[in-house]
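Participant: Can you read through this structure? Questions will come right after.
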Amino acid sequence: MPLKLHITEESLNLFVLDLWKDLRHLDVVDLAGRKVIRRFADNSTTIQEELVVINRLQAKAPFKIPEIQEHTSRYIAFRYIEGTRAFNLLMDLKTLYRKEKKALYRDLALQLLDLLEDDLRSFQAVTMGDAVFTADRRSYPVSEKLSALYRILTSILPGTCDFMQITEDLDRIAALYIQNATNPFRDATPKNVILEIPALFQQRFSSYEERLATLKEMCLSGTLNRYLEKEKIYQIDFSGCKFLCPQGDDWIALNAHESSAWLRSADRPPSPGEGLTGLCTKFVRFSRFGGRKLAYRLLNYEAYNVRFMHDNEATYFFELANICQYLRDHNIIRSSHLGDLMNHLFQMSSFKPARDYLQEARPLDNRRAYYSDVYPN
């Protein structure tokens, strides 16, 4: 008998408010003869809060941020960059490497990752001693984020545990995270970096195969190597900087992300934040990475197929199951429910829902565009 999801108005509302990335409005327009992208305020960070952070970073940090062309109380207009996200380039290089087994593709990916690591080190260095980023800041709302995520998933998936059976374990994980939340939160996932490489701009291609062929030629000719430099890399989205997190959180987001984890090796130095704190932090970050994608899969499958066409949430739940076992061995987790849930969510990562529940419940504005690289596709 096919699995039937238990979809309620409450679960859809919670998904839209906490996990649905498409709630934040973007548009691309011409401003005085220049193309700009307008990024509108979301429901948690005001434009003024984000402006303070961006202006401070542009004054102090050595990495590049797209230039602000205009701002109002509703949006910030940045110079539009025709290029590709670091995530997409890393995933493409991973695809080529696995197809052809040529070290060149891995070497180029490592070269890019080294540049991203340098930017993260710079961010943490310039923000830690600056009251703009640390004074009167509260921890990343880890308890609320974990609660919303797992409340949604346990409510819509029959056969999982009751949410109340895992709340105490989630609270203990969150408590250790909060106790060590001393660094401004960058949200350093490779999806928050754009490389100004016009030749890889997604609108130039009619298929993914065409893009891979272009990238392959750029790699073999040495063209891509010339683009992997500081002047071509732009850090975006600083809306999370109002929060504090453990130092290791952003290193996990950068180095343990699906797009970069394939580059790990024994001779690469470990990221900051090892030990139990690091594992609790990884639980939080992997829960958000995997949980958002799975929620999209189950509730908004049309958007999932575009936005996460290069992602695989199973990667995160496989790791989360192992993390839960380790945390249980060290008495951070006290029951088997959380680990069992991760194994169940791992299995659900290949489930294909019968329909798009969000789209049916709330037909979306036709002007909204889902995208998988630099907006819009």
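For the structure tokens, the naming scheme is as follows: chains receive sequential letters (A, B, ...) according to their order of presentation, residues are indexed from 1 within each chain, and ligands are indexed from 1 in presentation order.
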With region 192-195 of chain A as the partner and 12 Å as the cut-off, tabulate the residues of region 266-376 of chain A that qualify, each row holding the nearest pair of atoms and their distance in Å to one decimal, using only C-alpha atoms, sorted by chain and rising number, as CSV.

Facilitator:
```
residue,atom,partner,partner_atom,distance
A:Asp373,CA,A:Ile194,CA,9.2
A:Val374,CA,A:Ile194,CA,7.5
A:Tyr375,CA,A:Ile194,CA,10.7
```

Participant: How about saving the chosen residues, N, CA, C and O atoms kept, as a compact mmCIF listing (two decimals), in the first residue's frame?

Facilitator:
```txt
# COMPACT_ATOMS: atom_id res chain seq x y z
N ASP A 373 20.68 28.10 -9.40
CA ASP A 373 22.00 28.74 -9.44
C ASP A 373 21.78 30.23 -9.19
O ASP A 373 20.91 30.57 -8.39
N VAL A 374 22.52 31.08 -9.83
CA VAL A 374 22.31 32.52 -9.66
C VAL A 374 20.90 32.88 -10.16
O VAL A 374 20.52 32.52 -11.27
N TYR A 375 20.14 33.56 -9.33
CA TYR A 375 18.77 33.93 -9.67
C TYR A 375 18.74 34.93 -10.81
O TYR A 375 19.54 35.87 -10.84
```

Participant: Quick one: DSSP strand (DSSP E or B) residues in region 144-217 of chain A, as an MDAnalysis selection string?

Facilitator: chainID A and resid 183:184 193:195

Participant: Export, as a CSV table (one decimal), in the first residue's frame, the selected residues with all heavy atoms.

Facilitator:
```csv
chain,number,residue,atom,x,y,z
A,183,ASN,N,30.6,33.1,18.3
A,183,ASN,CA,31.1,33.7,17.0
A,183,ASN,C,29.9,34.3,16.2
A,183,ASN,O,28.8,33.6,16.1
A,183,ASN,CB,31.8,32.7,16.1
A,183,ASN,CG,33.2,32.5,16.6
A,183,ASN,OD1,33.5,32.0,17.7
A,183,ASN,ND2,34.2,32.9,15.7
A,184,PRO,N,30.0,35.4,15.5
A,184,PRO,CA,28.9,35.8,14.6
A,184,PRO,C,28.7,34.8,13.5
A,184,PRO,O,29.6,34.2,13.0
A,184,PRO,CB,29.5,37.1,14.0
A,184,PRO,CG,30.4,37.6,15.1
A,184,PRO,CD,31.1,36.4,15.7
A,193,VAL,N,27.9,32.1,-2.0
A,193,VAL,CA,29.1,32.7,-2.7
A,193,VAL,C,28.9,32.6,-4.2
A,193,VAL,O,28.4,31.6,-4.8
A,193,VAL,CB,30.4,31.9,-2.4
A,193,VAL,CG1,31.6,32.5,-3.1
A,193,VAL,CG2,30.6,31.7,-0.9
A,194,ILE,N,29.1,33.8,-4.9
A,194,ILE,CA,28.9,33.8,-6.3
A,194,ILE,C,30.3,34.1,-7.0
A,194,ILE,O,31.1,35.0,-6.5
A,194,ILE,CB,28.0,34.9,-6.8
A,194,ILE,CG1,26.5,34.6,-6.3
A,194,ILE,CG2,27.9,35.1,-8.3
A,194,ILE,CD1,25.5,35.7,-6.6
A,195,LEU,N,30.6,33.4,-8.0
A,195,LEU,CA,31.9,33.6,-8.8
A,195,LEU,C,31.5,34.3,-10.1
A,195,LEU,O,30.6,33.9,-10.8
A,195,LEU,CB,32.6,32.3,-9.1
A,195,LEU,CG,33.4,31.6,-7.9
A,195,LEU,CD1,32.4,30.9,-7.0
A,195,LEU,CD2,34.4,30.6,-8.5
```

Participant: Mind checking which residues fall within 8 Å of Ile76 (chain A), counting only C-alpha atoms, ignoring those fewer than 3 positions away in the same chain, and posting them as a PyMOL selection string?

Facilitator: chain A and resi 38-40+47+68-72

Participant: Can you list, as number ranges by chain, all residues belonging to region 129-332 of chain A that DSSP tags as alpha helix (DSSP H)?

Facilitator: A: 131-134, 142-156, 167-179, 208-221, 223-227, 247-255, 276-299, 301-307, 314-329

Participant: What gap, in Å, lies between CA of Ser143 (chain A) and CA of Ala261 (chain A)?

Facilitator: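 Calculated distance between CA of Ser143 (chain A) and CA of Ala261 (chain A) is 26.1 Å.
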
Participant: Using only C-alpha atoms, which protein or nucleic acid residues come within 10 Å of Arg355 (chain A)? Drop anything in the same chain fewer than 3 positions from it, and give the result as a list in words.

Facilitator: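 Result of the neighbour search: Leu298, Leu299, Asn300, Tyr301, Glu302, Lys352, Leu358, Gln359 and Glu360 of chain A.
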
Participant: Could you please determine the separation between CA of Arg362 (chain A) and CA of Leu12 (chain A) in Å, to one decimal place?

Facilitator: 9.7 Å

Participant: Report, in Å with one decimal, the straight-line distance from CA of Gln165 (chain A) to CA of Thr277 (chain A).

Facilitator: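 Computed distance, CA of Gln165 (chain A) to CA of Thr277 (chain A), equals 22.6 Å.
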
Participant: Which residue, A:Lys64, A:Arg24, A:Lys4, A:Arg172, has the smallest gap to Glu231 (chain A) when you use only C-alpha atoms?

Facilitator: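 For Glu231 (chain A), the nearest of the given residues is A:Lys64.
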
Participant: Restricting the calculation to only C-alpha atoms, which member of A:Pro353, A:Gly339, A:Pro246, A:Gly290 is positioned closest to Val142 (chain A)?

Facilitator: A:Pro246

Participant: Just checking: using only C-alpha atoms, which residue out of A:Lys232, A:Lys242, A:His344, A:Arg328 ends up closest to Ala135 (chain A)?

Facilitator: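 Ranked by minimum distance to Ala135 (chain A), first place goes to A:Lys242.
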
Participant: Residues at most 12 Å from region 93-103 of chain A, counting only C-alpha atoms, excluding those fewer than 5 positions away in the same chain, as a VMD selection string?

Facilitator: chain A and resid 86 to 88 108 to 113 208 to 209 211 to 220 224 258 to 263 310

Participant: Between A:Leu19, A:Ile37, A:Leu276, A:Ile54, which one has atoms that come closest to Cys241 (chain A), using only C-alpha atoms?

Facilitator: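 Of A:Leu19, A:Ile37, A:Leu276, A:Ile54, the one nearest Cys241 (chain A), counting only C-alpha atoms, is A:Ile54.
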
Participant: Out of A:Leu89, A:Asn43, A:Arg74, A:His337, which residue has the shortest atom-to-atom distance to Phe201 (chain A) when counting only C-alpha atoms?

Facilitator: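 For Phe201 (chain A), the nearest of the candidates is A:Leu89.
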
Participant: Compile the contact shell of region 117-120 of chain A as a PyMOL selection string: residues with an atom at most 8 Å away, counting only C-alpha atoms, same-chain residues fewer than 5 positions apart removed.

Facilitator: chain A and resi 62-63+188+250-251+254

Participant: Write a file of the selected residues as a compact mmCIF listing (two decimals), in the first residue's frame, keeping C-alpha atoms.

Facilitator:
```txt
# COMPACT_ATOMS: atom_id res chain seq x y z
CA PRO A 62 39.30 41.73 2.64
CA PHE A 63 36.72 39.68 0.72
CA ALA A 188 29.14 29.98 5.12
CA ASP A 250 30.38 27.90 9.71
CA TRP A 251 33.32 25.56 9.12
CA LEU A 254 31.66 25.16 4.33
```

Participant: Residues at most 12 Å from region 316-326 of chain A, counting only C-alpha atoms, excluding those fewer than 3 positions away in the same chain, as an MDAnalysis selection string?

Facilitator: chainID A and resid 166 169:170 173 252:253 256:259 261 275:294 311:313 329:350

Participant: Which residue out of A:Tyr234, A:Phe351, A:Tyr177, A:Tyr150 has the minimum interatomic distance to Ile197 (chain A) when only C-alpha atoms are used?

Facilitator: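 Result for the nearest residue to Ile197 (chain A): A:Tyr234.
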